[in-house]
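Enquirer: work_8.txt is reproduced in full below (compact mmCIF, C-alpha atoms).
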# COMPACT_ATOMS: atom_id res chain seq x y z
CA MET A 287 -45.01 -13.36 3.49
CA LYS A 288 -44.31 -10.22 5.37
CA ASP A 289 -46.69 -8.71 7.80
CA ILE A 290 -46.87 -5.00 7.75
CA ASP A 291 -47.28 -3.88 11.27
CA ILE A 292 -47.96 -0.20 11.57
CA SER A 293 -47.31 -0.47 15.29
CA ASN A 294 -43.59 -0.70 14.50
CA ILE A 295 -43.72 2.90 13.40
CA ASN A 296 -42.39 4.62 16.45
CA LYS A 297 -44.19 7.83 17.37
CA ASP A 298 -41.12 8.99 19.27
CA PHE A 299 -39.23 9.31 16.00
CA GLU A 300 -41.91 11.04 14.02
CA SER A 301 -40.44 14.50 14.11
CA ARG A 302 -37.89 15.45 11.48
CA VAL A 303 -35.45 16.67 14.08
CA ARG A 304 -35.52 13.45 16.09
CA LEU A 305 -35.15 11.44 12.92
CA GLY A 306 -32.07 13.49 12.14
CA ILE A 307 -30.57 13.17 15.62
CA MET A 308 -31.03 9.41 15.66
CA SER A 309 -29.68 8.99 12.11
CA ILE A 310 -26.54 10.87 13.01
CA LEU A 311 -26.05 8.86 16.19
CA MET A 312 -26.53 5.57 14.36
CA VAL A 313 -23.36 6.14 12.37
CA ASN A 314 -21.28 8.24 14.77
CA GLU A 315 -20.18 7.50 18.30
CA TRP A 316 -20.19 10.69 20.41
CA VAL A 317 -21.41 13.81 18.63
CA ASN A 318 -21.20 17.18 20.34
CA PHE A 319 -23.97 19.75 20.47
CA ASN A 320 -22.45 22.18 17.99
CA ASP A 321 -21.71 19.57 15.34
CA MET A 322 -25.22 18.25 15.72
CA LYS A 323 -26.71 21.73 15.44
CA GLN A 324 -24.63 22.44 12.34
CA MET A 325 -25.56 19.19 10.62
CA LEU A 326 -29.27 19.55 11.32
CA GLU A 327 -29.32 23.32 10.78
CA LEU A 328 -31.21 23.99 13.97
CA SER A 329 -31.37 26.62 16.68
CA ASP A 330 -29.98 25.87 20.14
CA GLY A 331 -33.37 25.72 21.80
CA ASN A 332 -34.94 23.50 19.18
CA LEU A 333 -32.15 20.93 19.34
CA ALA A 334 -32.04 20.99 23.13
CA SER A 335 -35.74 20.29 23.56
CA HIS A 336 -35.57 17.27 21.26
CA THR A 337 -32.43 15.82 22.82
CA ILE A 338 -34.03 16.15 26.25
CA ALA A 339 -37.05 14.25 25.00
CA LEU A 340 -34.92 11.49 23.49
CA GLU A 341 -32.83 11.29 26.62
CA GLY A 342 -35.99 10.99 28.71
CA LYS A 343 -36.98 7.97 26.63
CA ASN A 344 -33.52 6.49 27.14
CA TYR A 345 -32.78 6.47 23.42
CA ILE A 346 -29.69 8.60 23.83
CA GLU A 347 -27.23 9.33 26.59
CA VAL A 348 -25.64 12.66 27.38
CA ARG A 349 -22.11 13.44 28.44
CA LYS A 350 -21.06 16.79 29.74
CA ALA A 351 -17.36 17.53 29.78
CA PHE A 352 -15.06 20.50 29.80
CA VAL A 353 -12.96 21.23 26.77
CA GLY A 354 -10.55 23.76 28.15
CA ARG A 355 -12.85 26.11 29.97
CA LYS A 356 -15.88 25.57 27.81
CA PRO A 357 -18.50 23.05 28.77
CA GLU A 358 -19.30 20.66 25.96
CA THR A 359 -22.34 18.45 25.70
CA SER A 360 -22.13 15.29 23.62
CA TYR A 361 -24.67 12.65 22.71
CA ARG A 362 -24.53 8.97 21.96
CA ALA A 363 -27.29 6.54 21.04
CA THR A 364 -27.95 3.87 23.66
CA VAL A 365 -28.25 0.22 22.64
CA ALA A 366 -31.99 0.45 23.22
CA GLY A 367 -32.14 3.60 21.13
CA LYS A 368 -30.29 1.98 18.23
CA LEU A 369 -32.55 -1.07 18.33
CA SER A 370 -35.73 1.01 18.43
CA PHE A 371 -34.55 3.21 15.60
CA GLN A 372 -33.53 0.20 13.53
CA LYS A 373 -37.04 -1.19 13.97
CA HIS A 374 -38.48 2.15 12.96
CA ILE A 375 -36.38 2.19 9.78
CA GLU A 376 -37.45 -1.35 8.93
CA ALA A 377 -41.08 -0.44 9.48
CA LEU A 378 -40.73 2.54 7.15
CA ALA A 379 -39.03 0.40 4.54
CA ALA A 380 -41.71 -2.27 4.79
CA LEU A 381 -44.47 0.29 4.35
CA ILE A 382 -42.85 1.72 1.26
CA GLY A 383 -42.08 -1.68 -0.17
CA LYS A 384 -45.74 -2.63 -0.01
CA GLY A 385 -46.94 0.90 -0.79
CA MET B 36 -47.04 6.90 1.96
CA ASN B 37 -45.04 9.85 0.75
CA LYS B 38 -44.10 10.94 4.25
CA TYR B 39 -42.52 7.54 4.97
CA GLU B 40 -40.50 7.77 1.81
CA ASN B 41 -39.35 11.26 2.70
CA ASP B 42 -38.44 10.08 6.18
CA LEU B 43 -36.27 7.30 4.81
CA THR B 44 -34.56 9.63 2.38
CA HIS B 45 -33.92 12.04 5.22
CA ILE B 46 -32.45 9.27 7.38
CA ARG B 47 -30.15 8.12 4.60
CA GLN B 48 -29.05 11.68 3.90
CA MET B 49 -28.29 12.49 7.52
CA MET B 50 -26.35 9.27 7.96
CA GLU B 51 -24.26 9.93 4.90
CA ARG B 52 -23.80 13.60 5.53
CA SER B 53 -22.75 13.17 9.15
CA SER B 54 -20.31 10.34 8.59
CA THR B 55 -18.72 11.09 5.23
CA PHE B 56 -16.68 13.97 4.03
CA ILE B 57 -18.27 14.25 0.62
CA SER B 58 -17.10 17.69 -0.41
CA LEU B 59 -13.69 16.42 -1.48
CA SER B 60 -13.34 17.83 -4.98
CA GLY B 61 -11.79 16.07 -7.93
CA LEU B 62 -10.25 19.38 -8.92
CA SER B 63 -8.28 19.26 -5.67
CA GLY B 64 -6.63 16.13 -7.01
CA VAL B 65 -5.91 17.71 -10.38
CA GLY B 66 -4.42 20.81 -8.73
CA ALA B 67 -2.24 18.80 -6.36
CA GLY B 68 -1.14 16.57 -9.23
CA LEU B 69 -0.05 19.49 -11.39
CA VAL B 70 1.87 20.99 -8.47
CA ALA B 71 3.52 17.61 -7.86
CA ILE B 72 4.68 17.32 -11.46
CA VAL B 73 6.23 20.79 -11.35
CA GLY B 74 7.93 19.88 -8.05
CA CYS B 75 9.22 16.66 -9.55
CA LEU B 76 10.66 18.46 -12.59
CA MET B 77 12.28 21.05 -10.31
CA THR B 78 13.93 18.25 -8.36
CA PHE B 79 15.28 16.67 -11.55
CA TYR B 80 16.57 20.05 -12.59
CA ILE B 81 18.38 20.67 -9.29
CA LEU B 82 19.92 17.20 -9.29
CA GLY B 83 20.99 17.67 -12.89
CA GLN B 84 22.59 21.01 -12.15
CA HIS B 85 24.74 19.44 -9.46
CA ASN B 86 25.55 16.44 -11.64
CA ILE B 87 23.94 14.08 -9.18
CA ASP B 88 22.84 10.72 -10.49
CA TYR B 89 19.75 10.02 -8.45
CA PHE B 90 19.43 6.68 -10.18
CA ASP B 91 22.58 5.11 -8.82
CA GLY B 92 20.74 3.62 -5.85
CA LYS B 93 23.51 4.14 -3.32
CA PRO B 94 23.63 6.05 -0.06
CA ASN B 95 24.67 9.57 -1.02
CA TYR B 96 26.27 12.48 0.73
CA TYR B 97 24.80 15.62 -0.77
CA SER B 98 26.09 19.06 0.07
CA TYR B 99 24.02 21.25 2.36
CA GLN B 100 23.36 23.54 -0.55
CA VAL B 101 21.72 20.73 -2.52
CA LEU B 102 19.83 19.47 0.50
CA TRP B 103 18.57 22.96 1.21
CA GLN B 104 17.37 23.41 -2.37
CA LEU B 105 15.67 20.02 -2.41
CA ALA B 106 14.01 20.66 0.93
CA SER B 107 12.74 24.04 -0.26
CA VAL B 108 11.22 22.50 -3.37
CA ALA B 109 9.61 19.79 -1.25
CA ILE B 110 8.11 22.28 1.21
CA VAL B 111 6.85 24.65 -1.49
CA THR B 112 5.34 21.71 -3.38
CA LEU B 113 3.60 20.46 -0.25
CA VAL B 114 2.20 23.88 0.66
CA LEU B 115 0.97 24.62 -2.87
CA ALA B 116 -0.61 21.17 -3.16
CA LEU B 117 -2.38 21.68 0.17
CA ILE B 118 -3.61 25.13 -0.84
CA SER B 119 -5.03 23.84 -4.11
CA GLY B 120 -6.54 20.87 -2.28
CA VAL B 121 -8.27 23.01 0.33
CA TYR B 122 -9.31 25.68 -2.17
CA PHE B 123 -11.28 23.45 -4.54
CA THR B 124 -12.78 21.43 -1.72
CA ALA B 125 -13.90 24.57 0.10
CA LYS B 126 -15.47 25.78 -3.12
CA LYS B 127 -17.35 22.54 -3.67
CA SER B 128 -18.41 22.52 -0.04
CA LYS B 129 -19.90 25.97 -0.41
CA LYS B 130 -21.68 24.98 -3.58
CA LEU B 131 -23.21 21.92 -1.90
CA GLY B 132 -24.14 24.00 1.12
CA TYR B 133 -22.31 21.70 3.51
CA PRO B 134 -20.05 22.94 6.26
CA LEU B 135 -16.38 22.47 5.33
CA TRP B 136 -15.28 21.88 8.89
CA SER B 137 -17.49 19.16 10.32
CA ALA B 138 -17.12 16.00 12.39
CA ALA B 139 -16.71 14.06 9.13
CA THR B 140 -13.89 16.36 8.01
CA ARG B 141 -12.13 15.88 11.33
CA ASN B 142 -12.55 12.09 11.12
CA THR B 143 -11.08 12.06 7.62
CA ILE B 144 -8.10 14.14 8.66
CA ASN B 145 -7.53 12.13 11.84
CA ALA B 146 -7.61 8.86 9.93
CA ALA B 147 -5.05 10.12 7.42
CA ALA B 148 -2.87 11.88 9.98
CA ILE B 149 -1.33 8.88 11.75
CA PRO B 150 0.15 7.22 8.63
CA LEU B 151 1.09 10.62 7.19
CA VAL B 152 2.92 11.91 10.25
CA THR B 153 4.64 8.55 10.79
CA GLY B 154 5.67 8.54 7.13
CA GLY B 155 6.91 12.12 7.32
CA ILE B 156 9.10 11.40 10.34
CA PHE B 157 10.32 8.17 8.78
CA CYS B 158 11.36 10.06 5.63
CA ILE B 159 13.34 12.51 7.75
CA ILE B 160 15.08 9.58 9.46
CA ILE B 161 15.91 8.06 6.06
CA THR B 162 17.37 11.39 4.98
CA TYR B 163 19.41 11.44 8.17
CA HIS B 164 20.91 8.09 7.13
CA HIS B 165 21.63 9.49 3.65
CA LEU B 166 19.41 6.87 2.01
CA PHE B 167 17.84 9.44 -0.28
CA TYR B 168 16.80 6.91 -2.86
CA MET B 169 14.33 5.46 -0.33
CA VAL B 170 12.53 8.75 0.37
CA ALA B 171 10.26 8.63 -2.68
CA PRO B 172 9.15 5.00 -2.16
CA CYS B 173 8.41 5.71 1.52
CA MET B 174 6.38 8.81 0.74
CA LEU B 175 4.28 6.82 -1.72
CA ILE B 176 3.77 3.91 0.66
CA PHE B 177 2.75 6.00 3.67
CA TYR B 178 0.59 8.29 1.56
CA GLY B 179 -1.15 5.22 0.14
CA LEU B 180 -1.78 3.92 3.66
CA ALA B 181 -3.15 7.30 4.70
CA LEU B 182 -5.63 7.28 1.80
CA VAL B 183 -6.73 3.72 2.55
CA SER B 184 -7.28 4.72 6.16
CA ALA B 185 -9.16 7.92 5.26
CA SER B 186 -11.37 6.14 2.72
CA LYS B 187 -13.71 5.01 5.51
CA TYR B 188 -14.75 8.61 6.09
CA THR B 189 -14.83 10.06 2.61
CA GLN B 190 -15.51 8.95 -0.98
CA SER B 191 -14.70 5.26 -0.86
CA ASP B 192 -12.99 5.54 -4.26
CA ILE B 193 -10.02 6.98 -2.39
CA PHE B 194 -9.33 3.42 -1.23
CA TRP B 195 -8.30 2.41 -4.75
CA LEU B 196 -6.16 5.48 -5.22
CA GLY B 197 -4.45 4.54 -1.94
CA LEU B 198 -3.81 0.98 -3.12
CA CYS B 199 -2.32 2.28 -6.39
CA GLU B 200 -0.07 4.70 -4.50
CA LEU B 201 1.29 2.09 -2.15
CA THR B 202 1.80 -0.44 -4.94
CA LEU B 203 3.81 2.20 -6.79
CA GLY B 204 5.76 2.82 -3.58
CA LEU B 205 6.62 -0.86 -3.21
CA LEU B 206 7.67 -1.05 -6.88
CA ALA B 207 9.76 2.07 -6.38
CA ALA B 208 11.48 0.40 -3.43
CA VAL B 209 12.34 -2.61 -5.60
CA PHE B 210 13.54 -0.66 -8.62
CA VAL B 211 15.83 1.45 -6.52
CA GLY B 212 16.88 4.65 -8.17
CA TYR B 213 13.73 5.20 -10.17
CA GLY B 214 12.06 6.62 -7.08
CA LEU B 215 11.58 10.06 -8.53
CA VAL B 216 9.91 8.68 -11.64
CA PHE B 217 7.52 6.62 -9.54
CA TRP B 218 6.97 9.65 -7.32
CA GLY B 219 6.01 11.74 -10.35
CA ILE B 220 3.61 9.06 -11.54
CA GLY B 221 2.08 8.55 -8.10
CA PHE B 222 1.69 12.10 -6.88
CA GLY B 223 1.39 13.75 -10.28
CA ILE B 224 -0.25 11.62 -12.91
CA LEU B 225 -2.38 9.43 -10.61
CA HIS B 226 -3.78 12.49 -8.84
CA ILE B 227 -4.69 14.15 -12.12
CA VAL B 228 -6.29 11.02 -13.58
CA TYR B 229 -8.15 10.30 -10.36
CA GLY B 230 -9.18 13.94 -9.99
CA ILE B 231 -10.66 14.15 -13.48
CA TRP B 232 -12.43 10.84 -12.99
CA MET B 233 -13.93 11.98 -9.66
CA TYR B 234 -14.88 15.34 -11.09
CA GLN B 235 -16.87 13.62 -13.83
CA LYS B 236 -18.41 11.12 -11.44
CA TYR B 237 -19.60 13.54 -8.76
CA LYS B 238 -20.38 16.54 -10.89
Please go through the file and, once you have read it, give me the structure as structure tokens.
Expert:
Amino acid sequence: MKDIDISNINKDFESRVRLGIMSILMVNEWVNFNDMKQMLELSDGNLASHTIALEGKNYIEVRKAFVGRKPETSYRATVAGKLSFQKHIEALAALIGKG
Amino acid sequence: MNKYENDLTHIRQMMERSSTFISLSGLSGVGAGLVAIVGCLMTFYILGQHNIDYFDGKPNYYSYQVLWQLASVAIVTLVLALISGVYFTAKKSKKLGYPLWSAATRNTINAAAIPLVTGGIFCIIITYHHLFYMVAPCMLIFYGLALVSASKYTQSDIFWLGLCELTLGLLAAVFVGYGLVFWGIGFGILHIVYGIWMYQKYK
């Protein structure tokens, strides 16, 4: 008997963009800004606002480094972020399963 | 309900798309295989012209002229195989609407590079020791290892191709002297068979 708990659906991950960012970071270690932008087909500003939000919630961490002379920003999911997202995925799956 | 389903599909897609290099085209394999067979035949031809019995399985001292010809064939074969590989994959990539040069592409290349570069240097060392009959087995073995290693980041079927290649390499090392035949099977025929199979599967 499985309980379907709608409270496991995490509002923080409701937007498409955040879903995408978290999905990518679940299966990749550090991903830089440009790769992320390319994969999600987003504008700079759009991606930046969502990563800032996710960082604020401590779901992802940010690393700024210099590659040659260019600054490069990379992201990685935190342990807490991975756990929360995993829960979110399970909640989605449960809802569909019982649809 | 539909939104949840879409979300899950989106998650799965982004995970796959960001971690796997899926644009690898079967036609790349076919192209590289055809080039390899031509290269293999050219090598037989050159050896035949100089009355060299590649199948004697002994350390040989070839003249610089022969070495130069063999090296040219090898380099041209490699370059043409790479061009055909990149060409068809770029085409498929465009068709799928995925970027050709992505983190997944880099991961795939990085994973393959260590065994490949090691193998390449090792083959040069073998040549330096005049153990030419070991070059073909070594190329097959290291290439097989490279594919096995790259299979984590691209179509997982590559793993089996890698195992076949390195098995052929080991057999070639046992049946010394038939290296070129095994090489032709491994780089030529296997690539073509695998390429056609992949082309059908992922069409």
Enquirer: Calculated over all atoms listed in the file, which of the candidates A:Leu369, A:Leu311, A:Leu328, A:Leu305 has the smallest distance to A:Ile346?
Expert: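 Checking each candidate against A:Ile346, we get A:Leu311 as the closest.
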Enquirer: Which one is closest to B:Pro172: B:Thr202, B:Thr55, B:Ser128, B:Gln48? Count all atoms listed in the file.
Expert: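 So, comparing all the options, the nearest one is B:Thr202.
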Enquirer: One decimal, in Å: what's the spacing between atom CA of A:Thr364 and atom CA of A:Asn332?
Expert: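 A separation of 21.3 Å between them.
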Enquirer: Taking into account all atoms listed in the file, which residue in the set A:Ser301, A:Ser370, A:Asn294, A:Ser309 is nearest to chain B?
Expert: A:Ser309
Enquirer: I'd like a table as a Markdown table: residues in chain B with an atom no more than 12 Å from chain A, each row giving the shortest atom pair and its distance in Å to one decimal, all atoms listed in the file counted, sorted by chain and rising residue number.
Expert:
| residue | atom | partner | partner_atom | distance |
| --- | --- | --- | --- | --- |
| B:Met36 | CA | A:Gly385 | CA | 6.6 |
| B:Asn37 | CA | A:Ile382 | CA | 8.4 |
| B:Lys38 | CA | A:Leu378 | CA | 9.5 |
| B:Tyr39 | CA | A:Leu378 | CA | 5.7 |
| B:Glu40 | CA | A:Ile382 | CA | 6.5 |
| B:Asn41 | CA | A:Arg302 | CA | 9.8 |
| B:Asp42 | CA | A:Arg302 | CA | 7.6 |
| B:Leu43 | CA | A:Leu378 | CA | 6.9 |
| B:Thr44 | CA | A:Ala379 | CA | 10.5 |
| B:His45 | CA | A:Gly306 | CA | 7.3 |
| B:Ile46 | CA | A:Ser309 | CA | 5.5 |
| B:Arg47 | CA | A:Ser309 | CA | 7.6 |
| B:Gln48 | CA | A:Ser309 | CA | 8.7 |
| B:Met49 | CA | A:Ser309 | CA | 5.9 |
| B:Met50 | CA | A:Ile310 | CA | 5.3 |
| B:Glu51 | CA | A:Val313 | CA | 8.4 |
| B:Arg52 | CA | A:Met325 | CA | 7.8 |
| B:Ser53 | CA | A:Ile310 | CA | 5.9 |
| B:Ser54 | CA | A:Val313 | CA | 6.4 |
| B:Thr55 | CA | A:Val313 | CA | 9.8 |
| B:Gly132 | CA | A:Met325 | CA | 10.7 |
| B:Tyr133 | CA | A:Met325 | CA | 8.2 |
| B:Pro134 | CA | A:Gln324 | CA | 7.6 |
| B:Leu135 | CA | A:Gln324 | CA | 10.8 |
| B:Trp136 | CA | A:Asp321 | CA | 9.4 |
| B:Ser137 | CA | A:Asp321 | CA | 6.6 |
| B:Ala138 | CA | A:Asp321 | CA | 6.5 |
| B:Ala139 | CA | A:Asn314 | CA | 9.3 |
| B:Thr140 | CA | A:Asp321 | CA | 11.2 |
| B:Arg141 | CA | A:Asp321 | CA | 11.0 |
| B:Asn142 | CA | A:Asn314 | CA | 10.2 |
| B:Lys187 | CA | A:Val313 | CA | 11.9 |
| B:Tyr188 | CA | A:Asn314 | CA | 10.9 |
Enquirer: Could you check which of A:Glu347, A:Glu327, A:Asp298, A:Glu315 is closest to A:Thr359, using all atoms listed in the file?
Expert: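 Using all atoms listed in the file, the shortest distance to A:Thr359 belongs to A:Glu347.
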Enquirer: Name the residues in contact with A:Tyr345 at a cut-off of 7 Å, using all atoms listed in the file, excluding same-chain residues fewer than 3 positions from it; report them as number ranges by chain.
Expert: A: 340-341, 363-364, 366-367
